[in-house]
$ cat final_7.cif   # mmCIF, C-alpha atoms and all ligand atoms; chains and numbers go by the auth columns
data_start
#
loop_
_atom_site.group_PDB
_atom_site.id
_atom_site.type_symbol
_atom_site.label_atom_id
_atom_site.label_comp_id
_atom_site.label_asym_id
_atom_site.label_seq_id
_atom_site.Cartn_x
_atom_site.Cartn_y
_atom_site.Cartn_z
_atom_site.B_iso_or_equiv
_atom_site.auth_seq_id
_atom_site.auth_asym_id
ATOM 1 C CA MET A 1 2.020 23.739 11.122 0.00 1 S
ATOM 2 C CA LEU A 2 2.211 20.342 12.886 0.00 2 S
ATOM 3 C CA TYR A 3 -1.021 19.314 11.169 0.00 3 S
ATOM 4 C CA ASN A 4 0.430 20.249 7.765 0.00 4 S
ATOM 5 C CA ALA A 5 3.654 18.340 8.524 0.00 5 S
ATOM 6 C CA LEU A 6 1.594 15.245 9.428 0.00 6 S
ATOM 7 C CA LYS A 7 -0.399 15.588 6.209 0.00 7 S
ATOM 8 C CA LEU A 8 2.845 15.873 4.221 0.00 8 S
ATOM 9 C CA LEU A 9 4.210 12.709 5.880 0.00 9 S
ATOM 10 C CA HIS A 10 0.882 10.966 5.220 0.00 10 S
ATOM 11 C CA LEU A 11 0.920 11.891 1.530 0.00 11 S
ATOM 12 C CA LEU A 12 4.609 11.031 1.019 0.00 12 S
ATOM 13 C CA SER A 13 3.933 7.555 2.481 0.00 13 S
ATOM 14 C CA ILE A 14 0.937 7.115 0.184 0.00 14 S
ATOM 15 C CA ILE A 15 2.983 8.235 -2.835 0.00 15 S
ATOM 16 C CA VAL A 16 5.638 5.578 -2.102 0.00 16 S
ATOM 17 C CA TRP A 17 3.001 2.877 -1.562 0.00 17 S
ATOM 18 C CA VAL A 18 0.511 3.607 -4.387 0.00 18 S
ATOM 19 C CA GLY A 19 3.157 4.928 -6.820 0.00 19 S
ATOM 20 C CA GLY A 20 5.266 1.805 -6.272 0.00 20 S
ATOM 21 C CA MET A 21 2.260 -0.411 -7.008 0.00 21 S
ATOM 22 C CA VAL A 22 1.575 1.497 -10.254 0.00 22 S
ATOM 23 C CA PHE A 23 5.220 1.098 -11.313 0.00 23 S
ATOM 24 C CA ALA A 24 5.361 -2.628 -10.475 0.00 24 S
ATOM 25 C CA HIS A 25 1.991 -3.439 -12.032 0.00 25 S
ATOM 26 C CA PHE A 26 2.064 -1.399 -15.245 0.00 26 S
ATOM 27 C CA PHE A 27 5.761 -1.135 -16.079 0.00 27 S
ATOM 28 C CA LEU A 28 7.992 -3.664 -14.327 0.00 28 S
ATOM 29 C CA ARG A 29 5.855 -6.813 -14.621 0.00 29 S
ATOM 30 C CA PRO A 30 5.021 -6.475 -18.354 0.00 30 S
ATOM 31 C CA ALA A 31 8.738 -5.948 -19.132 0.00 31 S
ATOM 32 C CA ALA A 32 9.788 -8.860 -16.857 0.00 32 S
ATOM 33 C CA GLN A 33 7.332 -11.158 -18.709 0.00 33 S
ATOM 34 C CA GLN A 34 9.862 -11.284 -21.580 0.00 34 S
ATOM 35 C CA LEU A 35 12.405 -13.098 -19.347 0.00 35 S
ATOM 36 C CA GLU A 36 12.756 -16.855 -18.809 0.00 36 S
ATOM 37 C CA PRO A 37 10.986 -18.078 -15.596 0.00 37 S
ATOM 38 C CA PRO A 38 14.137 -18.496 -13.430 0.00 38 S
ATOM 39 C CA LEU A 39 15.332 -14.980 -14.249 0.00 39 S
ATOM 40 C CA ARG A 40 11.858 -13.427 -14.047 0.00 40 S
ATOM 41 C CA VAL A 41 10.958 -15.012 -10.706 0.00 41 S
ATOM 42 C CA ALA A 42 14.360 -14.141 -9.196 0.00 42 S
ATOM 43 C CA LEU A 43 14.140 -10.527 -10.434 0.00 43 S
ATOM 44 C CA MET A 44 10.571 -10.031 -9.156 0.00 44 S
ATOM 45 C CA HIS A 45 11.533 -11.644 -5.842 0.00 45 S
ATOM 46 C CA GLY A 46 14.449 -9.217 -5.368 0.00 46 S
ATOM 47 C CA VAL A 47 12.252 -6.237 -6.271 0.00 47 S
ATOM 48 C CA LEU A 48 9.295 -7.304 -4.095 0.00 48 S
ATOM 49 C CA GLN A 49 11.466 -8.046 -1.045 0.00 49 S
ATOM 50 C CA ARG A 50 12.797 -4.482 -1.130 0.00 50 S
ATOM 51 C CA PHE A 51 9.516 -2.804 -2.128 0.00 51 S
ATOM 52 C CA LEU A 52 7.357 -4.619 0.438 0.00 52 S
ATOM 53 C CA ALA A 53 9.836 -3.818 3.242 0.00 53 S
ATOM 54 C CA ALA A 54 9.648 -0.114 2.279 0.00 54 S
ATOM 55 C CA VAL A 55 5.827 -0.336 2.140 0.00 55 S
ATOM 56 C CA GLY A 56 5.893 -1.677 5.723 0.00 56 S
ATOM 57 C CA ILE A 57 7.468 1.622 6.832 0.00 57 S
ATOM 58 C CA ALA A 58 5.033 3.621 4.637 0.00 58 S
ATOM 59 C CA VAL A 59 2.062 1.782 6.212 0.00 59 S
ATOM 60 C CA VAL A 60 3.216 2.598 9.756 0.00 60 S
ATOM 61 C CA LEU A 61 3.804 6.261 8.840 0.00 61 S
ATOM 62 C CA ALA A 62 0.470 6.614 6.958 0.00 62 S
ATOM 63 C CA LEU A 63 -1.464 5.055 9.841 0.00 63 S
ATOM 64 C CA THR A 64 0.213 6.997 12.662 0.00 64 S
ATOM 65 C CA SER A 65 0.059 10.334 10.799 0.00 65 S
ATOM 66 C CA GLY A 66 -3.613 9.717 9.856 0.00 66 S
ATOM 67 C CA LEU A 67 -4.548 8.863 13.456 0.00 67 S
ATOM 68 C CA ALA A 68 -2.542 11.818 14.798 0.00 68 S
ATOM 69 C CA MET A 69 -4.439 14.208 12.462 0.00 69 S
ATOM 70 C CA ILE A 70 -7.763 12.759 13.622 0.00 70 S
ATOM 71 C CA GLY A 71 -6.569 13.129 17.243 0.00 71 S
ATOM 72 C CA MET A 72 -5.611 16.785 16.696 0.00 72 S
ATOM 73 C CA VAL A 73 -8.919 17.709 15.054 0.00 73 S
ATOM 74 C CA SER A 74 -11.015 15.873 17.644 0.00 74 S
ATOM 75 C CA MET A 75 -9.178 17.344 20.651 0.00 75 S
ATOM 76 C CA GLY A 76 -11.619 20.259 21.034 0.00 76 S
ATOM 77 C CA GLY A 77 -14.521 17.795 21.567 0.00 77 S
ATOM 78 C CA GLY A 78 -17.863 17.622 19.717 0.00 78 S
ATOM 79 C CA PHE A 79 -16.107 16.128 16.701 0.00 79 S
ATOM 80 C CA SER A 80 -17.803 13.826 14.230 0.00 80 S
ATOM 81 C CA MET A 81 -15.684 12.276 11.466 0.00 81 S
ATOM 82 C CA PRO A 82 -16.495 13.543 7.945 0.00 82 S
ATOM 83 C CA ALA A 83 -17.813 10.789 5.633 0.00 83 S
ATOM 84 C CA ASP A 84 -14.734 10.866 3.378 0.00 84 S
ATOM 85 C CA TRP A 85 -12.437 10.403 6.396 0.00 85 S
ATOM 86 C CA ASN A 86 -14.508 7.385 7.466 0.00 86 S
ATOM 87 C CA PHE A 87 -14.265 5.996 3.945 0.00 87 S
ATOM 88 C CA MET A 88 -10.475 6.546 3.899 0.00 88 S
ATOM 89 C CA SER A 89 -9.942 5.033 7.351 0.00 89 S
ATOM 90 C CA GLY A 90 -12.080 1.948 6.595 0.00 90 S
ATOM 91 C CA LEU A 91 -10.600 1.210 3.179 0.00 91 S
ATOM 92 C CA GLY A 92 -7.128 2.230 4.415 0.00 92 S
ATOM 93 C CA LEU A 93 -7.297 -0.413 7.181 0.00 93 S
ATOM 94 C CA LEU A 94 -8.478 -2.977 4.606 0.00 94 S
ATOM 95 C CA MET A 95 -5.493 -2.105 2.376 0.00 95 S
ATOM 96 C CA MET A 96 -3.178 -2.552 5.362 0.00 96 S
ATOM 97 C CA ALA A 97 -4.669 -5.983 6.143 0.00 97 S
ATOM 98 C CA ILE A 98 -4.172 -7.033 2.498 0.00 98 S
ATOM 99 C CA TYR A 99 -0.597 -5.751 2.657 0.00 99 S
ATOM 100 C CA GLY A 100 -0.046 -7.839 5.817 0.00 100 S
ATOM 101 C CA TYR A 101 -1.328 -10.950 4.023 0.00 101 S
ATOM 102 C CA ILE A 102 0.947 -10.309 1.014 0.00 102 S
ATOM 103 C CA TYR A 103 3.975 -9.687 3.227 0.00 103 S
ATOM 104 C CA LEU A 104 3.491 -12.445 5.791 0.00 104 S
ATOM 105 C CA ALA A 105 1.944 -15.246 3.722 0.00 105 S
ATOM 106 C CA LEU A 106 2.629 -14.740 0.011 0.00 106 S
ATOM 107 C CA LEU A 107 6.138 -13.293 0.154 0.00 107 S
ATOM 108 C CA SER A 108 7.326 -16.203 2.354 0.00 108 S
ATOM 109 C CA ARG A 109 5.837 -18.604 -0.197 0.00 109 S
ATOM 110 C CA LEU A 110 7.875 -16.818 -2.880 0.00 110 S
ATOM 111 C CA ASP A 111 10.993 -16.857 -0.616 0.00 111 S
ATOM 112 C CA ASN A 112 10.695 -20.642 -0.225 0.00 112 S
ATOM 113 C CA ALA A 113 10.123 -21.239 -3.940 0.00 113 S
ATOM 114 C CA VAL A 114 13.200 -19.179 -4.856 0.00 114 S
ATOM 115 C CA ALA A 115 15.336 -20.893 -2.159 0.00 115 S
ATOM 116 C CA GLN A 116 14.400 -24.293 -3.670 0.00 116 S
ATOM 117 C CA ALA A 117 14.667 -23.065 -7.277 0.00 117 S
ATOM 118 C CA ASP A 118 11.040 -24.190 -7.710 0.00 118 S
ATOM 119 C CA TRP A 119 10.123 -21.752 -10.537 0.00 119 S
ATOM 120 C CA PRO A 120 6.541 -22.960 -11.155 0.00 120 S
ATOM 121 C CA ALA A 121 5.736 -22.489 -7.434 0.00 121 S
ATOM 122 C CA GLY A 122 7.465 -19.091 -7.591 0.00 122 S
ATOM 123 C CA ALA A 123 5.375 -18.073 -10.620 0.00 123 S
ATOM 124 C CA GLN A 124 2.227 -19.160 -8.760 0.00 124 S
ATOM 125 C CA ALA A 125 3.131 -17.088 -5.687 0.00 125 S
ATOM 126 C CA LEU A 126 3.875 -14.104 -7.952 0.00 126 S
ATOM 127 C CA ALA A 127 0.471 -14.450 -9.649 0.00 127 S
ATOM 128 C CA ARG A 128 -1.281 -14.356 -6.240 0.00 128 S
ATOM 129 C CA ILE A 129 0.786 -11.363 -5.148 0.00 129 S
ATOM 130 C CA ARG A 130 -0.162 -9.620 -8.396 0.00 130 S
ATOM 131 C CA SER A 131 -3.924 -10.161 -7.828 0.00 131 S
ATOM 132 C CA TRP A 132 -3.783 -8.788 -4.278 0.00 132 S
ATOM 133 C CA VAL A 133 -1.588 -5.855 -5.326 0.00 133 S
ATOM 134 C CA SER A 134 -4.162 -5.040 -8.058 0.00 134 S
ATOM 135 C CA MET A 135 -6.874 -5.074 -5.397 0.00 135 S
ATOM 136 C CA ASN A 136 -4.864 -2.693 -3.194 0.00 136 S
ATOM 137 C CA LEU A 137 -4.178 -0.455 -6.172 0.00 137 S
ATOM 138 C CA LEU A 138 -7.930 -0.216 -6.892 0.00 138 S
ATOM 139 C CA LEU A 139 -8.724 0.501 -3.232 0.00 139 S
ATOM 140 C CA GLY A 140 -5.947 3.121 -3.036 0.00 140 S
ATOM 141 C CA MET A 141 -7.177 4.854 -6.204 0.00 141 S
ATOM 142 C CA ALA A 142 -10.762 4.806 -4.900 0.00 142 S
ATOM 143 C CA ILE A 143 -9.622 6.501 -1.655 0.00 143 S
ATOM 144 C CA ILE A 144 -7.627 9.167 -3.507 0.00 144 S
ATOM 145 C CA VAL A 145 -10.518 9.930 -5.896 0.00 145 S
ATOM 146 C CA VAL A 146 -13.089 10.121 -3.070 0.00 146 S
ATOM 147 C CA VAL A 147 -11.036 12.265 -0.641 0.00 147 S
ATOM 148 C CA LEU A 148 -9.977 14.684 -3.368 0.00 148 S
ATOM 149 C CA LEU A 149 -13.337 15.012 -5.157 0.00 149 S
ATOM 150 C CA TRP A 150 -15.671 14.888 -2.130 0.00 150 S
HETATM 151 C C1 LIG B . -6.299 3.997 8.382 0.00 201 G
HETATM 152 C C2 LIG B . -5.634 4.725 7.546 0.00 201 G
HETATM 153 C C3 LIG B . -5.822 6.216 7.305 0.00 201 G
HETATM 154 C C4 LIG B . -6.226 7.232 8.150 0.00 201 G
HETATM 155 C C5 LIG B . -6.620 7.110 9.609 0.00 201 G
HETATM 156 C C6 LIG B . -6.199 8.456 7.375 0.00 201 G
HETATM 157 C C7 LIG B . -6.513 9.725 7.850 0.00 201 G
HETATM 158 C C8 LIG B . -6.352 10.900 7.145 0.00 201 G
HETATM 159 C C9 LIG B . -6.616 12.235 7.658 0.00 201 G
HETATM 160 C C10 LIG B . -7.142 12.552 9.053 0.00 201 G
HETATM 161 C C11 LIG B . -6.321 13.148 6.667 0.00 201 G
HETATM 162 C C12 LIG B . -6.418 14.656 6.736 0.00 201 G
HETATM 163 C C13 LIG B . -7.606 15.118 5.913 0.00 201 G
HETATM 164 C C14 LIG B . -7.735 16.620 5.824 0.00 201 G
HETATM 165 O O1 LIG B . -7.019 17.352 6.507 0.00 201 G
HETATM 166 O O2 LIG B . -8.624 17.038 5.056 0.00 201 G
HETATM 167 C C15 LIG B . -5.881 12.381 5.509 0.00 201 G
HETATM 168 C C16 LIG B . -5.521 12.939 4.281 0.00 201 G
HETATM 169 C C17 LIG B . -5.341 12.218 3.127 0.00 201 G
HETATM 170 N N1 LIG B . -5.266 10.840 3.030 0.00 201 G
HETATM 171 FE FE1 LIG B . -5.526 9.503 4.560 0.00 201 G
HETATM 172 N N2 LIG B . -5.802 8.161 6.093 0.00 201 G
HETATM 173 C C18 LIG B . -5.571 6.810 6.013 0.00 201 G
HETATM 174 C C19 LIG B . -5.157 6.112 4.902 0.00 201 G
HETATM 175 C C20 LIG B . -5.046 6.648 3.622 0.00 201 G
HETATM 176 C C21 LIG B . -4.811 5.899 2.433 0.00 201 G
HETATM 177 C C22 LIG B . -4.603 4.375 2.395 0.00 201 G
HETATM 178 C C23 LIG B . -4.793 6.785 1.382 0.00 201 G
HETATM 179 C C24 LIG B . -4.585 6.565 -0.101 0.00 201 G
HETATM 180 C C25 LIG B . -4.357 5.434 -0.683 0.00 201 G
HETATM 181 C C26 LIG B . -5.000 8.094 1.921 0.00 201 G
HETATM 182 C C27 LIG B . -4.998 9.261 1.182 0.00 201 G
HETATM 183 C C28 LIG B . -5.106 10.517 1.699 0.00 201 G
HETATM 184 C C29 LIG B . -5.068 11.744 0.895 0.00 201 G
HETATM 185 C C30 LIG B . -4.904 11.822 -0.628 0.00 201 G
HETATM 186 C C31 LIG B . -5.217 12.814 1.806 0.00 201 G
HETATM 187 C C32 LIG B . -5.221 14.315 1.479 0.00 201 G
HETATM 188 C C33 LIG B . -6.660 14.769 1.393 0.00 201 G
HETATM 189 C C34 LIG B . -6.805 16.277 1.328 0.00 201 G
HETATM 190 O O3 LIG B . -5.930 17.017 1.768 0.00 201 G
HETATM 191 O O4 LIG B . -7.852 16.706 0.846 0.00 201 G
HETATM 192 N N3 LIG B . -5.155 7.965 3.297 0.00 201 G
HETATM 193 N N4 LIG B . -5.903 11.018 5.831 0.00 201 G
#
$ encode --input "final_7.cif" --output "C-alpha cells" --more "lines below"
Ligand code: HEM
Amino acid sequence: MLYNALKLLHLLSIIVWVGGMVFAHFFLRPAAQQLEPPLRVALMHGVLQRFLAAVGIAVVLALTSGLAMIGMVSMGGGFSMPADWNFMSGLGLLMMAIYGYIYLALLSRLDNAVAQADWPAGAQALARIRSWVSMNLLLGMAIIVVVLLW
C-alpha cells in the first residue's frame, strides 16, 4: 500500500513535469510566436516562472519517492537494481541537473532581461531555455518508453 502510494506520487510528479514540457513546447510557444517580442517575452517569462517553480516541487517529490521505493525493495537484502531502474535513475538525475541549470542560470538571465526591458536578450535566454527543455523532454520520453516497454 505504501509502495503503491509512493509510485502514485512519483507518477503524478512526472505527469506535471513532462506534461508541462509538452504543453509549453508544442502548444504555448508556437502560439506565442505570433506576438510582438515585448509581449511574447513577458508572457513566456510569467509562464516559465510559475511552471519552473512547480517543477522544483515535482523534482523533489519524484526523487524522494523514487529513492524511497528503492529503499523499500532493497530492505530485505540481496537486492540488485533492475537495468531499467538504473536507466531511469541515471537519466532522471541528468534531467534534474539540466532543470537546475535552467532554473538557476537561464531563468535569472531571463529575469534580468525582462527587468531591463531588454527584449533581444530575453529572446536569447528563451531560446536557450527552449533547447534545454527539448533535451529534458527527450530524456523524459526515453525513460517512460524504456520503463514501460522493458
Ligand atoms: C533519480 C530519479 C528517479 C528514481 C530514483 C526513480 C525510481 C523509480 C522506482 C524505484 C520506480 C518503481 C518501479 C516499479 O515499481 O516497477 C519508478 C517508477 C516509475 N518511474 Fe521513476 N525514478 C526516477 C525518475 C523518473 C523520471 C525522471 C521519470 C520519467 C520522466 C520516471 C518515470 C517512472 C515511471 C513511468 C514509473 C512507473 C513504471 C512502472 O510502474 O512500470 N522516473 N521510478
$ resolve_selection --input "final_7.cif" --expression "the PyMOL selection byres (((chain S and resi 64) around 12) and not hetatm)" --output "count of residues only"
21
$ resolve_selection --input "final_7.cif" --expression "the PyMOL selection byres (((chain S and resi 19) around 12) and not hetatm)" --output "PyMOL selection string"
chain S and resi 11-18+20-27+51+55+58+133+136-137+140-141
$ write_last_selection --input "final_7.cif" --atoms "C-alpha atoms" --output "PDB file, in the frame of the given file"
ATOM      1  CA  LEU S  11       0.920  11.891   1.530  1.00  0.00           C
ATOM      2  CA  LEU S  12       4.609  11.031   1.019  1.00  0.00           C
ATOM      3  CA  SER S  13       3.933   7.555   2.481  1.00  0.00           C
ATOM      4  CA  ILE S  14       0.937   7.115   0.184  1.00  0.00           C
ATOM      5  CA  ILE S  15       2.983   8.235  -2.835  1.00  0.00           C
ATOM      6  CA  VAL S  16       5.638   5.578  -2.102  1.00  0.00           C
ATOM      7  CA  TRP S  17       3.001   2.877  -1.562  1.00  0.00           C
ATOM      8  CA  VAL S  18       0.511   3.607  -4.387  1.00  0.00           C
ATOM      9  CA  GLY S  20       5.266   1.805  -6.272  1.00  0.00           C
ATOM     10  CA  MET S  21       2.260  -0.411  -7.008  1.00  0.00           C
ATOM     11  CA  VAL S  22       1.575   1.497 -10.254  1.00  0.00           C
ATOM     12  CA  PHE S  23       5.220   1.098 -11.313  1.00  0.00           C
ATOM     13  CA  ALA S  24       5.361  -2.628 -10.475  1.00  0.00           C
ATOM     14  CA  HIS S  25       1.991  -3.439 -12.032  1.00  0.00           C
ATOM     15  CA  PHE S  26       2.064  -1.399 -15.245  1.00  0.00           C
ATOM     16  CA  PHE S  27       5.761  -1.135 -16.079  1.00  0.00           C
ATOM     17  CA  PHE S  51       9.516  -2.804  -2.128  1.00  0.00           C
ATOM     18  CA  VAL S  55       5.827  -0.336   2.140  1.00  0.00           C
ATOM     19  CA  ALA S  58       5.033   3.621   4.637  1.00  0.00           C
ATOM     20  CA  VAL S 133      -1.588  -5.855  -5.326  1.00  0.00           C
ATOM     21  CA  ASN S 136      -4.864  -2.693  -3.194  1.00  0.00           C
ATOM     22  CA  LEU S 137      -4.178  -0.455  -6.172  1.00  0.00           C
ATOM     23  CA  GLY S 140      -5.947   3.121  -3.036  1.00  0.00           C
ATOM     24  CA  MET S 141      -7.177   4.854  -6.204  1.00  0.00           C
TER      25      MET S 141
END
$ atom_distance --input "final_7.cif" --atom1 "atom C25 of ligand LIG 201 (chain G)" --atom2 "CA of Val147 (chain S)"
9.6 Å
$ resolve_selection --input "final_7.cif" --expression "the PyMOL selection byres (((chain S and resi 114-120) around 8) and not hetatm)" --output "list in words"
Pro37, Pro38, Val41, Ala42, His45, Leu110, Asp111, Asn112, Ala113, Ala121, Gly122, Ala123 and Gln124 of chain S
$ closest_residue --input "final_7.cif" --among "S:Gln34, S:Ala54, S:Arg109, S:Met95" --to "ligand LIG 201 (chain G)" --atoms "only C-alpha atoms and all ligand atoms"
S:Met95
$ closest_residue --input "final_7.cif" --among "S:Arg40, S:Met88, S:Gly76, S:Pro82" --to "Val145 (chain S)" --atoms "only C-alpha atoms"
S:Met88
$ closest_residue --input "final_7.cif" --among "S:Tyr3, S:Trp132, S:Tyr103, S:Phe79" --to "ligand LIG 201 (chain G)" --atoms "only C-alpha atoms and all ligand atoms"
S:Tyr3
$ atom_distance --input "final_7.cif" --atom1 "CA of Gly100 (chain S)" --atom2 "CA of Met44 (chain S)"
18.5 Å
$ axis_aligned_box --input "final_7.cif" --around "region 46-65 of chain S" --padding-each-side "8 Å" --output "AutoDock Vina command-line options"
--center_x 6.5 --center_y 0.6 --center_z 3.2 --size_x 31.9 --size_y 35.6 --size_z 34.9
$ atom_distance --input "final_7.cif" --atom1 "atom C5 of ligand LIG 201 (chain G)" --atom2 "CA of Leu48 (chain S)"
25.5 Å
$ closest_residue --input "final_7.cif" --among "S:Ala5, S:Met81, S:Leu149, S:Ile144" --to "ligand LIG 201 (chain G)" --atoms "only C-alpha atoms and all ligand atoms"
S:Ile144
$ closest_residue --input "final_7.cif" --among "S:Leu8, S:Leu28, S:Met135, S:Gln49" --to "Ala97 (chain S)" --atoms "only C-alpha atoms"
S:Met135
$ closest_residue --input "final_7.cif" --among "S:Met75, S:Leu106, S:Met96, S:Ala31" --to "ligand LIG 201 (chain G)" --atoms "only C-alpha atoms and all ligand atoms"
S:Met96
$ decode --input "final_7.cif" --residues "region 79-134 of chain S" --atoms "C-alpha atoms" --output "short mmCIF file (atom, residue, chain, number, x, y, z; two decimals), in the first residue's frame"
data_model
loop_
_atom_site.label_atom_id
_atom_site.label_comp_id
_atom_site.auth_asym_id
_atom_site.auth_seq_id
_atom_site.Cartn_x
_atom_site.Cartn_y
_atom_site.Cartn_z
CA PHE S 79 18.91 -6.69 -3.90
CA SER S 80 20.37 -5.76 -7.26
CA MET S 81 18.77 -2.89 -9.19
CA PRO S 82 16.96 -3.95 -12.40
CA ALA S 83 18.53 -2.45 -15.56
CA ASP S 84 15.50 -0.24 -16.31
CA TRP S 85 15.63 1.23 -12.79
CA ASN S 86 19.32 2.03 -13.29
CA PHE S 87 18.50 3.66 -16.61
CA MET S 88 15.69 5.70 -15.01
CA SER S 89 17.79 6.77 -12.03
CA GLY S 90 20.78 7.80 -14.20
CA LEU S 91 18.79 9.72 -16.80
CA GLY S 92 16.45 11.06 -14.09
CA LEU S 93 19.42 12.60 -12.23
CA LEU S 94 20.67 14.08 -15.53
CA MET S 95 17.22 15.62 -16.13
CA MET S 96 17.31 17.10 -12.63
CA ALA S 97 20.76 18.62 -13.24
CA ILE S 98 19.50 20.17 -16.50
CA TYR S 99 16.46 21.50 -14.66
CA GLY S 100 18.79 23.05 -12.04
CA TYR S 101 20.79 24.78 -14.80
CA ILE S 102 17.60 26.13 -16.43
CA TYR S 103 16.22 27.36 -13.11
CA LEU S 104 19.38 28.81 -11.58
CA ALA S 105 21.23 30.16 -14.63
CA LEU S 106 18.85 30.67 -17.56
CA LEU S 107 15.74 31.84 -15.72
CA SER S 108 17.76 34.53 -13.87
CA ARG S 109 19.11 35.68 -17.24
CA LEU S 110 15.50 35.98 -18.44
CA ASP S 111 14.50 37.76 -15.18
CA ASN S 112 17.23 40.37 -15.72
CA ALA S 113 16.36 40.89 -19.39
CA VAL S 114 12.68 41.45 -18.54
CA ALA S 115 13.55 43.80 -15.63
CA GLN S 116 15.62 45.93 -18.05
CA ALA S 117 13.11 45.61 -20.91
CA ASP S 118 15.97 44.16 -22.99
CA TRP S 119 13.80 42.07 -25.38
CA PRO S 120 16.60 40.73 -27.62
CA ALA S 121 18.45 39.41 -24.53
CA GLY S 122 15.13 37.99 -23.28
CA ALA S 123 14.52 36.24 -26.61
CA GLN S 124 18.05 34.79 -26.45
CA ALA S 125 17.51 33.45 -22.92
CA LEU S 126 14.17 31.96 -24.02
CA ALA S 127 15.85 30.22 -26.98
CA ARG S 128 18.41 28.60 -24.63
CA ILE S 129 15.68 27.56 -22.21
CA ARG S 130 13.78 26.02 -25.13
CA SER S 131 16.80 23.93 -26.25
CA TRP S 132 17.39 22.56 -22.75
CA VAL S 133 13.68 21.90 -22.19
CA SER S 134 13.64 19.95 -25.50
#
